[in-house]
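One file, final.cif, is given below (mmCIF, N, CA and C atoms).
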data_run
#
loop_
_atom_site.label_atom_id
_atom_site.label_comp_id
_atom_site.auth_asym_id
_atom_site.auth_seq_id
_atom_site.Cartn_x
_atom_site.Cartn_y
_atom_site.Cartn_z
N MET A 1 -29.57 41.31 27.11
CA MET A 1 -30.40 40.58 26.20
C MET A 1 -30.03 39.10 26.29
N SER A 2 -30.97 38.25 26.56
CA SER A 2 -30.66 36.83 26.69
C SER A 2 -30.67 36.16 25.32
N ARG A 3 -29.94 35.07 25.25
CA ARG A 3 -29.84 34.33 24.00
C ARG A 3 -30.88 33.21 23.98
N THR A 4 -31.36 32.92 22.80
CA THR A 4 -32.34 31.85 22.68
C THR A 4 -31.64 30.49 22.72
N LYS A 5 -32.42 29.45 22.96
CA LYS A 5 -31.85 28.10 23.02
C LYS A 5 -31.25 27.70 21.68
N SER A 6 -31.85 28.12 20.57
CA SER A 6 -31.30 27.76 19.26
C SER A 6 -29.96 28.42 19.03
N GLU A 7 -29.78 29.66 19.51
CA GLU A 7 -28.49 30.33 19.39
C GLU A 7 -27.44 29.62 20.23
N GLN A 8 -27.82 29.18 21.42
CA GLN A 8 -26.88 28.48 22.29
C GLN A 8 -26.49 27.15 21.67
N ARG A 9 -27.43 26.42 21.08
CA ARG A 9 -27.12 25.15 20.42
C ARG A 9 -26.21 25.36 19.22
N ALA A 10 -26.44 26.42 18.48
CA ALA A 10 -25.60 26.71 17.31
C ALA A 10 -24.16 26.95 17.75
N ASP A 11 -23.98 27.68 18.87
CA ASP A 11 -22.63 27.92 19.39
C ASP A 11 -21.97 26.63 19.85
N GLU A 12 -22.75 25.74 20.45
CA GLU A 12 -22.20 24.48 20.93
C GLU A 12 -21.76 23.59 19.79
N GLN A 13 -22.40 23.69 18.64
CA GLN A 13 -22.08 22.84 17.50
C GLN A 13 -20.92 23.37 16.67
N GLN A 14 -20.54 24.62 16.86
CA GLN A 14 -19.46 25.21 16.09
C GLN A 14 -18.12 24.67 16.55
N PRO A 15 -17.23 24.41 15.60
CA PRO A 15 -15.87 24.02 15.97
C PRO A 15 -15.17 25.18 16.70
N ASP A 16 -14.15 24.88 17.46
CA ASP A 16 -13.44 25.89 18.24
C ASP A 16 -12.86 27.01 17.38
N TYR A 17 -12.34 26.66 16.20
CA TYR A 17 -11.72 27.68 15.36
C TYR A 17 -12.75 28.69 14.84
N VAL A 18 -14.00 28.30 14.69
CA VAL A 18 -15.05 29.24 14.26
C VAL A 18 -15.29 30.25 15.38
N GLY A 19 -15.37 29.78 16.61
CA GLY A 19 -15.52 30.69 17.74
C GLY A 19 -14.36 31.65 17.86
N GLU A 20 -13.15 31.14 17.65
CA GLU A 20 -11.95 31.99 17.69
C GLU A 20 -12.00 33.04 16.59
N LEU A 21 -12.41 32.63 15.39
CA LEU A 21 -12.51 33.56 14.27
C LEU A 21 -13.52 34.66 14.56
N LEU A 22 -14.69 34.28 15.06
CA LEU A 22 -15.73 35.27 15.33
C LEU A 22 -15.36 36.17 16.50
N LYS A 23 -14.63 35.67 17.48
CA LYS A 23 -14.24 36.46 18.64
C LYS A 23 -13.06 37.38 18.34
N ASN A 24 -12.01 36.83 17.71
CA ASN A 24 -10.77 37.58 17.51
C ASN A 24 -10.64 38.23 16.14
N GLY A 25 -11.46 37.78 15.19
CA GLY A 25 -11.39 38.34 13.84
C GLY A 25 -10.37 37.65 12.97
N THR A 26 -9.64 36.68 13.51
CA THR A 26 -8.67 35.93 12.73
C THR A 26 -8.47 34.55 13.33
N ALA A 27 -8.13 33.59 12.49
CA ALA A 27 -7.85 32.23 12.95
C ALA A 27 -6.92 31.58 11.94
N THR A 28 -6.02 30.75 12.43
CA THR A 28 -5.15 29.97 11.56
C THR A 28 -5.60 28.52 11.61
N LEU A 29 -5.99 28.01 10.47
CA LEU A 29 -6.46 26.63 10.37
C LEU A 29 -5.30 25.73 9.96
N SER A 30 -5.28 24.53 10.49
CA SER A 30 -4.25 23.56 10.17
C SER A 30 -4.90 22.20 10.00
N ALA A 31 -4.54 21.50 8.92
CA ALA A 31 -5.13 20.19 8.63
C ALA A 31 -4.11 19.33 7.88
N PRO A 32 -4.27 18.01 7.95
CA PRO A 32 -3.31 17.12 7.29
C PRO A 32 -3.42 17.06 5.77
N SER A 33 -4.54 17.54 5.20
CA SER A 33 -4.71 17.52 3.74
C SER A 33 -5.49 18.75 3.30
N ARG A 34 -5.41 19.03 2.01
CA ARG A 34 -6.18 20.16 1.46
C ARG A 34 -7.67 19.92 1.58
N GLU A 35 -8.09 18.69 1.43
CA GLU A 35 -9.51 18.36 1.53
C GLU A 35 -10.03 18.62 2.94
N ALA A 36 -9.24 18.24 3.95
CA ALA A 36 -9.63 18.49 5.34
C ALA A 36 -9.67 19.98 5.62
N LEU A 37 -8.74 20.73 5.03
CA LEU A 37 -8.72 22.19 5.19
C LEU A 37 -9.96 22.80 4.55
N ALA A 38 -10.34 22.32 3.38
CA ALA A 38 -11.55 22.81 2.71
C ALA A 38 -12.79 22.52 3.54
N GLU A 39 -12.84 21.36 4.16
CA GLU A 39 -13.96 21.00 5.03
C GLU A 39 -14.06 21.97 6.21
N MET A 40 -12.91 22.35 6.77
CA MET A 40 -12.90 23.29 7.88
C MET A 40 -13.46 24.65 7.44
N VAL A 41 -13.05 25.11 6.26
CA VAL A 41 -13.54 26.39 5.75
C VAL A 41 -15.05 26.31 5.50
N ASN A 42 -15.53 25.17 5.05
CA ASN A 42 -16.97 25.00 4.80
C ASN A 42 -17.78 25.06 6.09
N ASN A 43 -17.16 24.87 7.25
CA ASN A 43 -17.87 24.93 8.52
C ASN A 43 -18.05 26.37 9.03
N ILE A 44 -17.44 27.33 8.36
CA ILE A 44 -17.62 28.73 8.74
C ILE A 44 -19.03 29.13 8.31
N PRO A 45 -19.81 29.78 9.18
CA PRO A 45 -21.19 30.14 8.83
C PRO A 45 -21.28 30.94 7.53
N ALA A 46 -22.30 30.65 6.74
CA ALA A 46 -22.46 31.26 5.42
C ALA A 46 -22.57 32.78 5.47
N GLU A 47 -23.16 33.32 6.53
CA GLU A 47 -23.35 34.78 6.60
C GLU A 47 -22.09 35.52 7.03
N THR A 48 -21.05 34.80 7.38
CA THR A 48 -19.79 35.41 7.81
C THR A 48 -18.96 35.81 6.60
N LYS A 49 -18.55 37.08 6.56
CA LYS A 49 -17.72 37.56 5.46
C LYS A 49 -16.26 37.46 5.90
N TYR A 50 -15.49 36.71 5.14
CA TYR A 50 -14.10 36.48 5.49
C TYR A 50 -13.22 36.46 4.25
N MET A 51 -11.92 36.53 4.46
CA MET A 51 -10.96 36.42 3.37
C MET A 51 -9.86 35.48 3.82
N VAL A 52 -9.23 34.84 2.86
CA VAL A 52 -8.15 33.91 3.15
C VAL A 52 -6.98 34.21 2.23
N GLY A 53 -5.82 33.75 2.64
CA GLY A 53 -4.63 33.89 1.82
C GLY A 53 -4.33 32.58 1.12
N ALA A 54 -3.09 32.41 0.74
CA ALA A 54 -2.66 31.18 0.08
C ALA A 54 -2.50 30.06 1.11
N VAL A 55 -2.71 28.85 0.67
CA VAL A 55 -2.51 27.69 1.54
C VAL A 55 -1.02 27.47 1.71
N GLY A 56 -0.58 27.32 2.96
CA GLY A 56 0.81 27.02 3.24
C GLY A 56 0.97 25.55 3.56
N ARG A 57 2.20 25.08 3.48
CA ARG A 57 2.47 23.68 3.80
C ARG A 57 3.74 23.61 4.64
N CYS A 58 3.70 22.81 5.70
CA CYS A 58 4.89 22.61 6.53
C CYS A 58 5.98 21.99 5.68
N GLN A 59 7.22 22.34 5.99
CA GLN A 59 8.34 21.83 5.19
C GLN A 59 8.45 20.32 5.21
N ASP A 60 8.03 19.70 6.31
CA ASP A 60 8.09 18.24 6.36
C ASP A 60 6.87 17.58 5.74
N GLY A 61 5.92 18.38 5.23
CA GLY A 61 4.74 17.87 4.55
C GLY A 61 3.67 17.32 5.46
N SER A 62 3.77 17.61 6.76
CA SER A 62 2.84 17.02 7.72
C SER A 62 1.50 17.74 7.81
N ALA A 63 1.42 19.00 7.39
CA ALA A 63 0.17 19.74 7.55
C ALA A 63 0.10 20.90 6.56
N TYR A 64 -1.13 21.29 6.28
CA TYR A 64 -1.41 22.49 5.50
C TYR A 64 -1.99 23.53 6.44
N THR A 65 -1.69 24.80 6.19
CA THR A 65 -2.22 25.88 7.04
C THR A 65 -2.87 26.95 6.17
N LEU A 66 -3.80 27.65 6.79
CA LEU A 66 -4.53 28.71 6.11
C LEU A 66 -4.96 29.74 7.13
N GLN A 67 -4.66 31.01 6.88
CA GLN A 67 -5.11 32.07 7.77
C GLN A 67 -6.42 32.63 7.24
N VAL A 68 -7.40 32.75 8.14
CA VAL A 68 -8.73 33.27 7.80
C VAL A 68 -8.92 34.55 8.60
N ASP A 69 -9.33 35.63 7.94
CA ASP A 69 -9.58 36.91 8.59
C ASP A 69 -10.99 37.40 8.26
N LEU A 70 -11.65 37.99 9.23
CA LEU A 70 -12.96 38.60 8.97
C LEU A 70 -12.77 39.89 8.19
N ILE A 71 -13.74 40.20 7.36
CA ILE A 71 -13.70 41.45 6.59
C ILE A 71 -14.40 42.51 7.40
#
Mind turning the file's structure into structure tokens?
Amino acid sequence: MSRTKSEQRADEQQPDYVGELLKNGTATLSAPSREALAEMVNNIPAETKYMVGAVGRCQDGSAYTLQVDLI
């Protein structure tokens, strides 16, 4: 079954971590602030059902991390 051009464009516009999440069922997001981490989560397609844990923070305070898993 071939993919339509709109599907191909949608894949090209997705960030790498979204592709990893959809392919592997899990992804670990890392960002310098909570706001940037929230922006990354907002880029996950609305129809995707996922769950997340608690936000972690590196001991040196350089980054926040979040594990996202598909349901």
### Task
Apply DSSP to the structure's backbone, then extract all residues of segment 23-53 of chain A labelled alpha helix (DSSP H) and return them as a list of chain:residue names.
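Filtering segment 23-53 of chain A to alpha helix (DSSP H) leaves A:Lys23, A:Asn24, A:Arg34, A:Glu35, A:Ala36, A:Leu37, A:Ala38, A:Glu39, A:Met40, A:Val41, A:Asn42.
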### Query
Once the PyMOL selection byres ((chain A and resi 55) around 7) has been applied to the shown file, what residues remain in the selection, as a PyMOL selection string?
chain A and resi 53-54+56-57+64-67
Residues of the last selection are to be written out with N, CA and C atoms, as a compact mmCIF listing (two decimals), keeping the file's coordinate frame.
# COMPACT_ATOMS: atom_id res chain seq x y z
N GLY A 53 -5.82 33.75 2.64
CA GLY A 53 -4.63 33.89 1.82
C GLY A 53 -4.33 32.58 1.12
N ALA A 54 -3.09 32.41 0.74
CA ALA A 54 -2.66 31.18 0.08
C ALA A 54 -2.50 30.06 1.11
N GLY A 56 -0.58 27.32 2.96
CA GLY A 56 0.81 27.02 3.24
C GLY A 56 0.97 25.55 3.56
N ARG A 57 2.20 25.08 3.48
CA ARG A 57 2.47 23.68 3.80
C ARG A 57 3.74 23.61 4.64
N TYR A 64 -1.13 21.29 6.28
CA TYR A 64 -1.41 22.49 5.50
C TYR A 64 -1.99 23.53 6.44
N THR A 65 -1.69 24.80 6.19
CA THR A 65 -2.22 25.88 7.04
C THR A 65 -2.87 26.95 6.17
N LEU A 66 -3.80 27.65 6.79
CA LEU A 66 -4.53 28.71 6.11
C LEU A 66 -4.96 29.74 7.13
N GLN A 67 -4.66 31.01 6.88
CA GLN A 67 -5.11 32.07 7.77
C GLN A 67 -6.42 32.63 7.24
### Message
Just want the 8 Å neighbourhood of Pro15 of chain A, counted on only C-alpha atoms, with same-chain residues fewer than 3 positions away dropped. Output as a ChimeraX atom specification.
### Response
/A:18-19,43
### Task
Please identify which residues in segment 9-48 of chain A DSSP calls strand (DSSP E or B) from the backbone, and express them as a ChimeraX atom specification.
/A:26-31
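Our summary of the geometry notes that atom C of Ser33 of chain A is positioned 23.3 Å from atom N of Ile71 of chain A.
Across the model, the gap from atom N of Cys58 of chain A to atom N of Lys23 of chain A is 25.3 Å.
You will find atom C of Asp60 of chain A at 12.6 Å from atom CA of Ala31 of chain A.
Closest approach to Leu70 of chain A among A:Val41, A:Ala36, A:Leu22, A:Ser30 is made by A:Leu22 (distances from all atoms listed in the file).
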